[in-house]
Amino acid sequence: MVEIIAHRGARSLAPENTLAAARLAHTLGSHRWETDVSLTMDWHTVLFHDATLTRCTNAARVFSYDPENPLGRDRLNTYTLMDLELLEAGSYFERTDPYGTLAQVEQQDLARFRREPIPTLYDGLVLTRDMGWAINVELKDHHNDPQPCFTASRTLGEIARAGIAHENVTISSFNHAWLRWVRDQAPEIQIQALVGNDEDIPLDFDAPVFTNEEFCVLNLNAALTPPKMVRKLKARGKTVNLFTVNDPHDYIRFVNAGADGIITDFPQRFIK
């Protein structure tokens, strides 16, 4: 079975990295959702992808900065969790229609999206736990950890506090040092090495991450990964997930090549 992983929730039909997007991804039948963990100024973990707040929130209005010239005032890690609780993280979806899908969204859902807050990691873990579902937690490295592996450490603490079963959690990151730390501290939690953050830099499939046994699960940039390499990596014993796959033709190519998981903004296209 190919695992369908909802990228930042069902972000083509709801505001990304919100609990609304997670619930919708679950309703659609996604096997798990993927979400991003970032640190606030006071070291809380929140579900947010960007280092800056402007794209997905009303921060420019609430914090009175020019979105075209924010002078650093848009940085998420310059605000406390209490500050972020003043924001909503949903009205941008209706305003910008990022995937051209508004016609598929009910008006009452759009009204509800306008009130969506930035969730904490704990919120996302508890929701996943209560739905008996699974989550892929991506650790974002915005270079503001107060000490080495702090984001990873805080994430493990929140997993324990939420009481979610470890088999329902995976932790992924482009920061492979953090993944090594997680493996040492919590070997029962699966780690997944993200590879291919920069689409302008071709992947070196002879690099150690592809050839040694350190990381059994690789989450690869689909734009940099030919299907033939998926076959080769599978032959080496790797589990291979691809991000971000939205085109049905690409989906078929990767599934036929043996991909284990597809990370997509459009889980509704591939569930069946």
# chains A, B, ... in the order shown; residues from 1 in each chain; ligands from 1
call {"tool": "select_by_dssp", "arguments": {"residues": "range 80-199 of chain A", "states": "alpha helix (DSSP H)", "output": "PyMOL selection string"}}
result
chain A and resi 81-84+91-96+107-113+121-130+150-162+176-185
call {"tool": "write_last_selection", "arguments": {"atoms": "C-alpha atoms", "output": "short mmCIF file (atom, residue, chain, number, x, y, z; two decimals), in the first residue's frame"}}
result
data_model
loop_
_atom_site.label_atom_id
_atom_site.label_comp_id
_atom_site.auth_asym_id
_atom_site.auth_seq_id
_atom_site.Cartn_x
_atom_site.Cartn_y
_atom_site.Cartn_z
CA LEU A 81 3.35 32.28 22.02
CA MET A 82 1.03 34.80 23.66
CA ASP A 83 1.73 37.23 20.81
CA LEU A 84 0.93 34.58 18.22
CA SER A 91 -8.41 34.17 6.21
CA TYR A 92 -5.48 34.30 3.76
CA PHE A 93 -6.83 31.10 2.21
CA GLU A 94 -10.04 32.75 1.06
CA ARG A 95 -8.27 35.98 0.13
CA THR A 96 -5.54 34.41 -2.03
CA GLN A 107 -19.05 28.97 2.50
CA GLN A 108 -19.52 27.97 6.13
CA ASP A 109 -16.10 26.34 6.06
CA LEU A 110 -14.52 29.50 4.69
CA ALA A 111 -16.16 31.49 7.48
CA ARG A 112 -14.76 29.04 10.03
CA PHE A 113 -11.29 29.18 8.49
CA LEU A 121 2.54 21.16 18.47
CA TYR A 122 0.69 19.84 21.52
CA ASP A 123 -2.64 20.79 19.90
CA GLY A 124 -1.74 18.88 16.74
CA LEU A 125 -0.53 15.81 18.63
CA VAL A 126 -3.64 15.65 20.82
CA LEU A 127 -5.93 16.01 17.80
CA THR A 128 -4.06 13.21 16.02
CA ARG A 129 -4.20 11.05 19.13
CA ASP A 130 -7.92 11.59 19.64
CA PHE A 150 16.49 22.12 21.43
CA THR A 151 13.66 21.85 18.86
CA ALA A 152 14.10 18.08 18.77
CA SER A 153 14.16 17.87 22.55
CA ARG A 154 11.06 20.02 22.99
CA THR A 155 9.28 17.94 20.35
CA LEU A 156 9.97 14.70 22.21
CA GLY A 157 8.71 16.35 25.39
CA GLU A 158 5.43 17.34 23.73
CA ILE A 159 4.99 13.85 22.27
CA ALA A 160 5.29 12.44 25.78
CA ARG A 161 2.95 15.07 27.24
CA ALA A 162 0.30 14.42 24.57
CA HIS A 176 20.07 15.24 10.00
CA ALA A 177 22.02 15.93 13.19
CA TRP A 178 18.70 16.48 14.94
CA LEU A 179 17.44 13.15 13.61
CA ARG A 180 20.51 11.37 14.96
CA TRP A 181 19.81 12.92 18.36
CA VAL A 182 16.17 11.78 18.23
CA ARG A 183 17.28 8.25 17.31
CA ASP A 184 19.60 8.17 20.32
CA GLN A 185 16.99 9.52 22.72
#
call {"tool": "residues_around", "arguments": {"residues": "range 69-75 of chain A", "least_positions_apart": "6", "cutoff": "9 Å", "atoms": "only C-alpha atoms", "output": "PyMOL selection string"}}
result
chain A and resi 50-54+59-60+63
call {"tool": "write_last_selection", "arguments": {"atoms": "N, CA and C atoms", "output": "compact mmCIF listing (two decimals), in the first residue's frame"}}
result
# COMPACT_ATOMS: atom_id res chain seq x y z
N ASP A 50 6.75 28.69 7.57
CA ASP A 50 7.64 29.78 7.19
C ASP A 50 8.38 30.34 8.40
N ALA A 51 9.54 30.95 8.12
CA ALA A 51 10.24 31.69 9.17
C ALA A 51 9.56 33.02 9.43
N THR A 52 8.73 33.47 8.48
CA THR A 52 8.05 34.75 8.61
C THR A 52 6.53 34.55 8.62
N LEU A 53 5.81 35.52 9.17
CA LEU A 53 4.39 35.37 9.45
C LEU A 53 3.47 35.88 8.35
N THR A 54 3.98 36.66 7.42
CA THR A 54 3.12 37.44 6.54
C THR A 54 2.24 36.59 5.63
N ALA A 59 -0.57 39.04 10.55
CA ALA A 59 0.41 39.67 11.44
C ALA A 59 0.74 41.10 11.03
N ALA A 60 0.78 41.39 9.74
CA ALA A 60 1.14 42.74 9.30
C ALA A 60 0.16 43.77 9.88
N PHE A 63 0.42 43.53 14.06
CA PHE A 63 1.67 44.03 14.61
C PHE A 63 2.16 45.30 13.91
call {"tool": "residues_around", "arguments": {"residues": "Ala222 in chain A", "least_positions_apart": "2", "cutoff": "6 Å", "atoms": "only C-alpha atoms", "output": "list in words"}}
result
Leu220, Leu224, Thr225, Leu242 and Phe243 of chain A
call {"tool": "write_last_selection", "arguments": {"atoms": "C-alpha atoms", "output": "compact mmCIF listing (two decimals), in the first residue's frame"}}
result
# COMPACT_ATOMS: atom_id res chain seq x y z
CA LEU A 220 12.98 13.00 -1.28
CA LEU A 224 14.92 16.03 -8.16
CA THR A 225 14.22 12.30 -8.08
CA LEU A 242 8.30 11.71 -2.33
CA PHE A 243 7.39 15.37 -1.77
call {"tool": "closest_residue", "arguments": {"among": "A:Pro67, A:Gly163, A:Pro98, A:Pro227", "to": "Asp265 in chain A", "atoms": "only C-alpha atoms"}}
result
A:Pro98
call {"tool": "residues_around", "arguments": {"residues": "Ala259 in chain A", "least_positions_apart": "3", "cutoff": "10 Å", "atoms": "only C-alpha atoms", "output": "list of chain:residue names"}}
result
A:Met1, A:Val2, A:Glu3, A:Pro227, A:Val230, A:Arg231, A:Leu233, A:Lys234, A:Lys238, A:Thr239, A:Val240, A:Asn241, A:Leu242, A:Tyr251, A:Ile252, A:Arg253, A:Phe254, A:Val255, A:Asn256, A:Ile262
call {"tool": "closest_residue", "arguments": {"among": "A:Ile171, A:Cys56, A:Ile263, A:Ala223", "to": "Thr18 in chain A", "atoms": "only C-alpha atoms"}}
result
A:Cys56
call {"tool": "atom_distance", "arguments": {"atom1": "CA of His49 in chain A", "atom2": "CA of Thr27 in chain A"}}
result
22.6 Å
call {"tool": "select_by_dssp", "arguments": {"residues": "range 104-158 of chain A", "states": "strand (DSSP E)", "output": "JSON, numbers by chain"}}
result
{"A": [135, 136, 137, 138, 139]}
call {"tool": "atom_distance", "arguments": {"atom1": "CA of Ile191 in chain A", "atom2": "CA of Glu116 in chain A"}}
result
29.4 Å
call {"tool": "residues_around", "arguments": {"residues": "Leu13 in chain A", "least_positions_apart": "5", "cutoff": "8 Å", "atoms": "only C-alpha atoms", "output": "number ranges by chain"}}
result
A: 21, 101-102, 104-105
call {"tool": "closest_residue", "arguments": {"among": "A:Asp97, A:Asp204, A:Asp42, A:Glu214", "to": "Leu76 in chain A", "atoms": "only C-alpha atoms"}}
result
A:Asp42
call {"tool": "closest_residue", "arguments": {"among": "A:Glu138, A:Glu68, A:Asp250, A:Glu16", "to": "Asp36 in chain A", "atoms": "only C-alpha atoms"}}
result
A:Glu138
call {"tool": "closest_residue", "arguments": {"among": "A:Pro226, A:Ala165, A:Ile5, A:Gly261", "to": "Leu203 in chain A", "atoms": "only C-alpha atoms"}}
result
A:Pro226
call {"tool": "closest_residue", "arguments": {"among": "A:Leu39, A:Val46, A:Leu139, A:Val217", "to": "Asp260 in chain A", "atoms": "only C-alpha atoms"}}
result
A:Val217
